[in-house]
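Q: Input file: target.csv. Contents: CSV, C-alpha atoms.
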chain,number,residue,atom,x,y,z
O,300,LEU,CA,11.4,-13.4,-15.4
O,301,PRO,CA,8.9,-15.0,-13.1
O,302,SER,CA,5.3,-14.2,-13.6
O,303,ILE,CA,5.3,-11.9,-10.6
O,304,VAL,CA,7.2,-9.3,-12.7
O,305,SER,CA,4.7,-9.6,-15.6
O,306,SER,CA,2.0,-8.6,-13.1
O,307,PHE,CA,3.4,-5.1,-12.8
O,308,THR,CA,0.6,-2.9,-14.2
O,309,ALA,CA,2.3,0.5,-14.0
O,310,ARG,CA,4.6,-0.3,-16.9
O,311,SER,CA,6.4,-3.5,-17.9
O,312,PHE,CA,10.2,-3.6,-17.7
O,313,VAL,CA,12.9,-5.8,-19.2
O,314,ARG,CA,15.9,-6.9,-17.2
O,315,THR,CA,19.2,-6.5,-19.1
O,316,SER,CA,22.8,-7.2,-18.2
O,317,SER,CA,23.5,-3.5,-17.9
O,318,SER,CA,20.8,-1.0,-16.9
O,319,PHE,CA,17.2,0.1,-17.3
O,320,LEU,CA,16.4,3.2,-19.4
O,321,TRP,CA,13.0,4.4,-20.3
O,322,ASN,CA,11.9,6.0,-23.5
O,323,ALA,CA,9.2,8.6,-23.8
O,324,ASP,CA,6.5,5.9,-24.4
O,325,GLY,CA,7.6,3.9,-21.4
O,326,ALA,CA,9.5,1.2,-23.4
O,327,SER,CA,12.8,0.0,-22.0
O,328,SER,CA,16.2,0.1,-23.8
O,329,ARG,CA,19.6,-1.1,-22.9
O,330,SER,CA,22.5,1.1,-21.9
O,331,THR,CA,26.0,-0.1,-20.9
O,332,SER,CA,27.6,3.2,-20.0
O,333,THR,CA,26.6,6.9,-19.9
O,334,LYS,CA,28.7,9.9,-19.3
O,335,THR,CA,27.5,12.5,-16.9
O,336,THR,CA,25.7,15.3,-18.8
O,337,THR,CA,23.7,18.3,-17.9
O,338,THR,CA,20.0,17.5,-17.5
O,339,THR,CA,17.9,19.3,-20.1
O,340,HIS,CA,14.2,19.8,-20.2
O,341,LEU,CA,14.0,17.2,-23.0
O,342,ASP,CA,15.9,14.7,-20.9
O,343,MET,CA,13.3,15.2,-18.1
O,344,VAL,CA,10.4,14.6,-20.5
O,345,ARG,CA,12.0,11.5,-21.8
O,346,ASN,CA,12.6,10.2,-18.4
O,347,ARG,CA,9.2,11.1,-17.0
O,348,GLY,CA,10.6,13.9,-14.9
O,349,LEU,CA,13.3,11.8,-13.3
O,350,GLU,CA,17.0,12.6,-13.9
O,351,LYS,CA,18.9,10.2,-16.2
O,352,ARG,CA,21.7,8.3,-14.5
O,353,THR,CA,23.8,5.2,-14.9
O,354,GLU,CA,23.0,2.3,-12.6
O,355,SER,CA,23.3,-1.4,-12.4
O,356,ALA,CA,20.7,-3.7,-13.9
O,357,THR,CA,19.5,-4.9,-10.5
O,358,PRO,CA,18.2,-2.2,-8.2
O,359,GLN,CA,20.2,-1.6,-5.1
O,360,GLU,CA,19.2,-0.6,-1.6
O,361,GLY,CA,19.1,3.1,-0.8
O,362,GLY,CA,17.8,6.2,-2.6
O,363,MET,CA,14.2,5.4,-2.0
O,364,THR,CA,11.5,8.1,-1.4
O,365,LEU,CA,7.9,7.3,-0.7
O,366,TYR,CA,5.3,10.0,-1.4
O,367,ILE,CA,2.0,9.4,0.4
O,368,LYS,CA,-1.2,11.2,1.3
O,369,ALA,CA,-0.8,13.7,4.1
O,370,GLY,CA,-3.0,13.7,7.1
O,371,PRO,CA,-4.9,16.5,9.0
O,372,PRO,CA,-3.2,19.8,8.4
O,373,PRO,CA,-0.9,21.1,11.2
O,374,SER,CA,-2.5,23.3,13.8
O,375,THR,CA,-3.1,26.9,12.8
O,376,ASP,CA,-1.3,27.8,16.1
O,377,ASP,CA,1.9,26.6,14.5
O,378,GLU,CA,3.6,29.8,13.3
O,379,SER,CA,6.1,28.0,11.1
O,380,ASN,CA,5.4,28.0,7.4
O,381,ASP,CA,7.6,24.8,7.2
O,382,ALA,CA,5.5,22.7,9.5
O,383,GLU,CA,6.0,19.1,8.5
O,384,LEU,CA,2.9,17.4,7.1
O,385,PRO,CA,1.7,14.4,9.1
O,386,VAL,CA,1.2,10.9,7.7
O,387,GLY,CA,-2.3,10.4,6.2
O,388,ASP,CA,-4.8,7.6,6.5
O,389,CYS,CA,-4.3,5.9,3.2
O,390,PRO,CA,-4.4,2.1,3.8
O,391,PHE,CA,-2.6,1.5,0.5
O,392,ALA,CA,0.4,3.7,1.6
O,393,HIS,CA,0.3,1.8,4.9
O,394,TYR,CA,0.6,-1.5,2.9
O,395,VAL,CA,3.7,-0.3,1.1
O,396,ARG,CA,5.3,1.0,4.3
O,397,MET,CA,4.7,-2.4,6.0
O,398,VAL,CA,6.5,-4.1,3.1
O,399,LEU,CA,9.4,-1.6,3.3
O,400,HIS,CA,9.7,-2.3,7.1
O,401,GLU,CA,9.5,-6.1,6.7
O,402,LYS,CA,12.4,-5.8,4.2
O,403,GLN,CA,14.2,-3.4,6.6
O,404,LEU,CA,14.7,-1.0,3.7
O,405,SER,CA,15.6,2.6,4.4
O,406,TYR,CA,13.5,5.3,2.7
O,407,ASP,CA,12.5,8.9,3.0
O,408,LEU,CA,8.9,9.5,3.7
O,409,VAL,CA,7.2,12.5,2.2
O,410,PRO,CA,3.5,13.1,3.1
O,411,ALA,CA,2.1,15.4,0.5
O,412,VAL,CA,-1.0,17.4,-0.6
O,413,GLN,CA,-1.8,18.5,-4.1
O,414,GLU,CA,0.2,21.8,-3.6
O,415,THR,CA,3.3,20.1,-2.4
O,416,LYS,CA,3.6,17.2,-4.8
O,417,PRO,CA,6.7,17.3,-7.0
O,418,GLN,CA,6.1,18.6,-10.5
O,419,TRP,CA,7.4,15.5,-12.2
O,420,LEU,CA,4.9,13.4,-10.1
O,421,VAL,CA,2.0,15.5,-11.2
O,422,GLU,CA,3.0,15.8,-14.9
O,423,HIS,CA,4.1,12.3,-15.6
O,424,TYR,CA,2.2,10.1,-13.0
O,425,GLU,CA,-1.0,12.1,-12.6
O,426,GLY,CA,0.0,12.9,-9.1
O,427,LYS,CA,-0.9,9.4,-7.9
O,428,MET,CA,0.1,8.2,-4.5
O,429,PRO,CA,1.5,6.2,-2.9
O,430,ALA,CA,4.5,6.7,-5.3
O,431,LEU,CA,7.8,5.1,-4.7
O,432,ARG,CA,10.8,6.7,-6.3
O,433,HIS,CA,13.8,4.5,-6.4
O,434,ALA,CA,16.8,6.2,-8.1
O,435,ARG,CA,15.3,7.2,-11.4
O,436,GLU,CA,12.4,4.8,-11.4
O,437,CYS,CA,8.9,5.5,-10.0
O,438,TYR,CA,6.0,3.2,-9.3
O,439,THR,CA,2.5,4.4,-8.3
O,440,GLU,CA,0.3,1.4,-7.6
O,441,SER,CA,0.6,-0.2,-4.2
O,442,ASP,CA,0.5,-3.7,-5.5
O,443,VAL,CA,3.1,-2.8,-8.2
O,444,ILE,CA,5.4,-1.2,-5.6
O,445,ALA,CA,5.0,-4.2,-3.2
O,446,ASN,CA,5.8,-6.7,-5.9
O,447,TYR,CA,8.7,-4.7,-7.1
O,448,LEU,CA,10.2,-4.6,-3.6
O,449,ASP,CA,9.6,-8.3,-3.0
O,450,PHE,CA,11.1,-9.3,-6.3
O,451,PHE,CA,14.3,-7.3,-6.1
O,452,PHE,CA,14.8,-7.4,-2.3
O,453,GLN,CA,14.0,-11.0,-1.5
O,454,GLU,CA,14.8,-11.2,2.2
O,455,PRO,CA,12.6,-11.9,3.9
O,456,PRO,CA,10.4,-13.4,1.1
O,457,LEU,CA,6.8,-12.1,1.2
O,458,THR,CA,5.5,-14.3,-1.5
O,459,ALA,CA,4.3,-17.8,-0.7
O,460,SER,CA,5.8,-20.7,-2.7
O,461,SER,CA,2.4,-21.9,-3.6
O,462,LYS,CA,0.7,-19.7,-6.2
O,463,GLN,CA,-2.5,-21.6,-5.6
O,464,ASP,CA,-2.5,-20.8,-1.9
O,465,THR,CA,-1.8,-17.2,-2.6
O,466,ALA,CA,-4.7,-17.1,-5.1
O,467,ILE,CA,-7.0,-18.7,-2.5
O,468,ALA,CA,-6.0,-16.1,0.1
O,469,LYS,CA,-6.6,-13.2,-2.4
O,470,ASP,CA,-10.0,-14.6,-3.2
O,471,ALA,CA,-10.9,-14.7,0.5
O,472,VAL,CA,-10.4,-10.9,0.7
O,473,ASP,CA,-11.7,-10.0,-2.8
O,474,GLY,CA,-14.3,-7.3,-2.4
O,475,LEU,CA,-13.7,-6.7,1.3
O,476,PHE,CA,-12.4,-3.2,1.2
O,477,PRO,CA,-15.0,-1.9,-1.2
O,478,ALA,CA,-17.6,-3.3,1.2
O,479,ILE,CA,-15.9,-1.6,4.1
O,480,ALA,CA,-15.7,1.7,2.3
O,481,LYS,CA,-19.4,1.7,1.2
O,482,TYR,CA,-20.6,0.9,4.7
O,483,LEU,CA,-18.4,3.4,6.5
O,484,LYS,CA,-19.2,6.2,4.0
O,485,HIS,CA,-22.9,5.7,4.1
O,486,THR,CA,-25.1,8.1,6.1
O,487,PRO,CA,-27.4,8.2,8.0
O,488,ASP,CA,-26.0,5.4,10.2
O,489,GLY,CA,-28.2,2.4,11.1
O,490,ASP,CA,-31.6,3.9,10.5
O,491,ASN,CA,-32.6,2.9,7.0
O,492,GLU,CA,-32.8,-0.1,4.7
O,493,GLU,CA,-29.8,0.9,2.6
O,494,ASP,CA,-27.5,1.1,5.6
O,495,GLU,CA,-28.6,-2.4,6.7
O,496,GLU,CA,-28.1,-3.7,3.2
O,497,LEU,CA,-24.5,-2.4,3.2
O,498,LYS,CA,-23.9,-3.9,6.6
O,499,GLY,CA,-25.2,-7.2,5.4
O,500,ASN,CA,-22.9,-7.1,2.3
O,501,LEU,CA,-19.9,-6.4,4.6
O,502,GLU,CA,-20.8,-9.2,6.9
O,503,GLU,CA,-20.9,-11.6,3.9
O,504,SER,CA,-17.3,-10.5,3.0
O,505,LEU,CA,-16.2,-10.9,6.6
O,506,THR,CA,-17.8,-14.4,6.7
O,507,LYS,CA,-15.7,-15.5,3.7
O,508,LEU,CA,-12.6,-14.2,5.4
O,509,GLU,CA,-13.5,-15.8,8.7
O,510,GLN,CA,-13.9,-19.2,7.0
O,511,HIS,CA,-10.6,-18.8,5.2
O,512,LEU,CA,-8.8,-18.0,8.4
O,513,ALA,CA,-10.4,-21.0,10.2
O,514,GLU,CA,-8.6,-23.2,7.7
O,515,GLN,CA,-5.1,-21.7,8.2
O,516,VAL,CA,-2.9,-23.4,10.7
O,517,GLY,CA,0.5,-22.2,11.8
O,518,ASP,CA,3.4,-24.6,12.5
O,519,ASP,CA,3.9,-25.7,16.1
O,520,ASP,CA,0.8,-23.8,17.2
O,521,GLY,CA,2.3,-20.6,16.1
O,522,PRO,CA,0.4,-17.7,14.6
O,523,SER,CA,-1.4,-18.3,11.3
O,524,PHE,CA,-1.7,-15.7,8.6
O,525,MET,CA,-3.5,-15.6,5.2
O,526,VAL,CA,-1.3,-18.3,3.8
O,527,GLY,CA,-0.7,-20.6,6.7
O,528,ASP,CA,2.3,-19.7,8.9
O,529,GLN,CA,4.0,-17.4,6.3
O,530,PHE,CA,3.5,-13.7,6.5
O,531,THR,CA,3.0,-12.5,3.0
O,532,LEU,CA,2.1,-9.4,0.9
O,533,VAL,CA,-1.5,-10.4,1.3
O,534,ASP,CA,-1.2,-9.8,5.0
O,535,CYS,CA,0.6,-6.5,4.5
O,536,SER,CA,-2.3,-5.4,2.3
O,537,LEU,CA,-5.1,-6.7,4.6
O,538,ALA,CA,-3.9,-5.4,7.9
O,539,PRO,CA,-4.3,-1.7,7.2
O,540,LYS,CA,-7.8,-2.3,5.8
O,541,LEU,CA,-8.9,-4.2,8.9
O,542,TYR,CA,-7.5,-1.3,11.0
O,543,HIS,CA,-9.8,1.1,9.1
O,544,LEU,CA,-12.7,-1.3,9.7
O,545,LYS,CA,-12.0,-1.5,13.5
O,546,VAL,CA,-11.7,2.3,13.9
O,547,GLY,CA,-14.6,3.0,11.6
O,548,LEU,CA,-17.1,0.6,13.2
O,549,ASP,CA,-16.4,2.2,16.6
O,550,ALA,CA,-16.4,5.8,15.4
O,551,PHE,CA,-19.4,5.8,13.0
O,552,LYS,CA,-21.5,2.6,13.3
O,553,GLN,CA,-21.6,2.1,17.1
O,554,ASN,CA,-20.0,-1.3,16.5
O,555,ALA,CA,-23.1,-2.6,14.8
O,556,ILE,CA,-20.8,-5.4,13.7
O,557,ASN,CA,-19.0,-7.0,16.7
O,558,ILE,CA,-15.9,-8.5,15.3
O,559,SER,CA,-14.8,-10.3,18.5
O,560,THR,CA,-18.1,-12.1,18.9
O,561,GLN,CA,-19.2,-12.6,15.3
O,562,PHE,CA,-15.9,-13.2,13.7
O,563,PRO,CA,-13.4,-14.6,16.4
O,564,ASN,CA,-10.9,-15.8,13.8
O,565,ILE,CA,-10.7,-12.3,12.3
O,566,GLN,CA,-10.3,-10.9,15.8
O,567,THR,CA,-7.4,-13.2,16.6
O,568,TYR,CA,-5.8,-12.4,13.2
O,569,MET,CA,-6.1,-8.7,13.9
O,570,ASP,CA,-4.6,-9.1,17.3
O,571,THR,CA,-1.6,-10.9,15.7
O,572,VAL,CA,-0.9,-8.6,12.8
O,573,PHE,CA,-1.6,-5.4,14.7
O,574,ALA,CA,1.1,-6.4,17.2
O,575,ARG,CA,3.6,-7.1,14.4
O,576,THR,CA,6.6,-4.7,14.4
O,577,SER,CA,6.1,-3.6,10.8
O,578,PHE,CA,2.5,-2.6,11.6
O,579,VAL,CA,3.3,-0.9,14.9
O,580,ASP,CA,6.1,1.2,13.3
O,581,THR,CA,4.0,2.4,10.5
O,582,VAL,CA,0.5,2.9,12.0
O,583,TYR,CA,-1.1,6.3,12.3
O,584,PRO,CA,-3.4,7.5,15.1
O,585,GLU,CA,-7.0,6.4,15.1
O,586,GLU,CA,-7.9,10.1,15.0
O,587,THR,CA,-6.3,10.3,11.5
O,588,VAL,CA,-8.5,7.4,10.3
O,589,VAL,CA,-11.6,9.1,11.7
O,590,TRP,CA,-10.5,12.4,10.0
O,591,GLY,CA,-10.2,10.6,6.6
O,592,TRP,CA,-13.6,8.8,6.7
O,593,SER,CA,-15.3,12.0,8.1
O,594,ASN,CA,-14.1,13.8,4.9
O,595,ALA,CA,-15.4,10.9,2.8
O,596,ARG,CA,-18.8,11.0,4.6
O,597,SER,CA,-19.4,14.7,4.2
Take the structure I supplied and represent it as structure tokens, if you would.
A:
Amino acid sequence: LPSIVSSFTARSFVRTSSSFLWNADGASSRSTSTKTTTTTHLDMVRNRGLEKRTESATPQEGGMTLYIKAGPPPSTDDESNDAELPVGDCPFAHYVRMVLHEKQLSYDLVPAVQETKPQWLVEHYEGKMPALRHARECYTESDVIANYLDFFFQEPPLTASSKQDTAIAKDAVDGLFPAIAKYLKHTPDGDNEEDEELKGNLEESLTKLEQHLAEQVGDDDGPSFMVGDQFTLVDCSLAPKLYHLKVGLDAFKQNAINISTQFPNIQTYMDTVFARTSFVDTVYPEETVVWGWSNARS
């Protein structure tokens, strides 16, 4: 398999001519046919809490469920005990959802809190989210999920043909989100040396991204992304993080960093990706972002 598959960190898998089966230790084994049997507790343990079923070697569309962090709890005025939990502020879940929408793959979305997570997710995957369950498989790291989707559902492709260009793009955003998180979480805002130091570190990361975007040119004066004119997984990952930056700077830092004037290429990029259908269809309210960071700051 191409190297993209070997990068899966949740657990490696082997493609066979028949199907994927998982042993208790996560190793794969080959199965050509399986009769329907009653699921036992031992079966569930062996399959990490997921029912055992016969399926083709190549994953097919359908049967996807994405478990993500839930947002602010429903209003206490809601008398229903079955009030649907809203989508949370997790940028990594947003990343996965953008990939699913770019691929036009149907899926069930399940925002969850600790008390509502499925038992198999808690017992076998440490309750980690986002978690994509596809038939009897489950993946719990956003990059792993994104690469899984892009490998098996290749239209439209979200991986650039040049590995070097992709590596350069990833290097341009390396360390950006940790810098965003440290600055937005820090209190008090703007009135001590530590806050200024964190602001300076973030500006350094943004400068690196700004310079990278200045070198990207789209075809026929079209929009440019992190890898030229091709929209890739790097963009799907970056867009939600820049959304958090935009909202957080306004809500907590009085826009001490002015993106539009200090980093015009980043502003243009944000305008472009924020208008993309996959972003618009999956974005959550700014109030949800503020809620999330307020919890992190308290």
Q: At a cut-off of 9 Å, using all atoms listed in the file, what residues contact His485 in chain O? Leave out same-chain residues fewer than 6 positions from it and give the result as a VMD selection string.
A: chain O and resid 493 to 494 497 596
Q: Name all residues at most 10 Å from Ala513 in chain O (count all atoms listed in the file; drop same-chain ones fewer than 6 positions away) and give them as a PyMOL selection string.
A: chain O and resi 523+563-565
Q: Using only C-alpha atoms, which of the listed residues (O:Tyr447, O:Ala369, O:Glu514, O:Pro477) sits closest to Asp528 in chain O?
A: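 Closest to Asp528 in chain O, using only C-alpha atoms: O:Glu514.
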Q: Would you please work out which residue, of O:Thr576, O:Gln403, O:Ser593, O:Gln561, is nearest to Gln510 in chain O when using all atoms listed in the file?
A: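 Comparing O:Thr576, O:Gln403, O:Ser593, O:Gln561 against Gln510 in chain O, the winner is O:Gln561.
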Q: Mind giving me the straight-line distance from CA of Asp570 in chain O to CA of Lys545 in chain O in Å, one decimal?
A: 11.3 Å
Q: Which one is closest to Ala434 in chain O: O:Pro373, O:Met363, O:Lys368, O:Glu401? Count only C-alpha atoms.
A: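 Closest residue, counting only C-alpha atoms: O:Met363.
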Q: So the first atom is CA of Pro372 in chain O and the second is CA of Gly387 in chain O; what is the distance between them in Å, to one decimal place?
A: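 We find that CA of Pro372 in chain O and CA of Gly387 in chain O lie 9.7 Å from each other.
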Q: Which residue, O:Val589, O:Ala480, O:Met397, O:Leu501, has the smallest gap to Val572 in chain O when you use only C-alpha atoms?
A: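 Under the stated criterion, the closest residue is O:Met397.
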Q: Just to confirm, what's the straight-line distance from CA of Thr364 in chain O to CA of Arg432 in chain O in Å (one decimal)?
A: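 Spanning CA of Thr364 in chain O to CA of Arg432 in chain O is a straight-line distance of 5.1 Å.
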Q: Go through O:Ile467, O:Leu448, O:Val386, O:Ile479 and flag the residue nearest Val412 in chain O, using all atoms listed in the file for the distances.
A: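 For Val412 in chain O, the nearest of the given residues is O:Val386.
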Q: When distances are computed from all atoms listed in the file, which of O:Cys437, O:Val516, O:Val533, O:Val472 shows the smallest separation from Trp419 in chain O?
A: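 Checking each of O:Cys437, O:Val516, O:Val533, O:Val472 against Trp419 in chain O, counting all atoms listed in the file, the winner is O:Cys437.
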Q: Excluding Lys552 in chain O and residues on its chain fewer than 3 positions from it, collect all residues at most 8 Å away from it, counting only C-alpha atoms, and give them as a ChimeraX atom specification.
A: /O:483,488-489,547-549,555
Q: Go ahead and save the residues from that selection, with C-alpha atoms, as a PDB file, in the frame of the given file.
A:
ATOM      1  CA  LEU O 483     -18.400   3.400   6.500  1.00  0.00           C
ATOM      2  CA  ASP O 488     -26.000   5.400  10.200  1.00  0.00           C
ATOM      3  CA  GLY O 489     -28.200   2.400  11.100  1.00  0.00           C
ATOM      4  CA  GLY O 547     -14.600   3.000  11.600  1.00  0.00           C
ATOM      5  CA  LEU O 548     -17.100   0.600  13.200  1.00  0.00           C
ATOM      6  CA  ASP O 549     -16.400   2.200  16.600  1.00  0.00           C
ATOM      7  CA  ALA O 555     -23.100  -2.600  14.800  1.00  0.00           C
TER       8      ALA O 555
END
Q: For Glu503 in chain O, find every residue with an atom within 12 Å (counting only C-alpha atoms), except residues of its own chain fewer than 3 positions away, and show them as a PyMOL selection string.
A: chain O and resi 471-475+478-479+496-500+506-510+556+561-562
Q: Please identify all polymer residues within 12 Å of Thr531 in chain O, counting all atoms listed in the file, omitting same-chain residues fewer than 4 positions from it, and present them as a PyMOL selection string.
A: chain O and resi 394+397-398+401-402+445-446+449+453-462+464-465+468-469+523-527+535-538+572
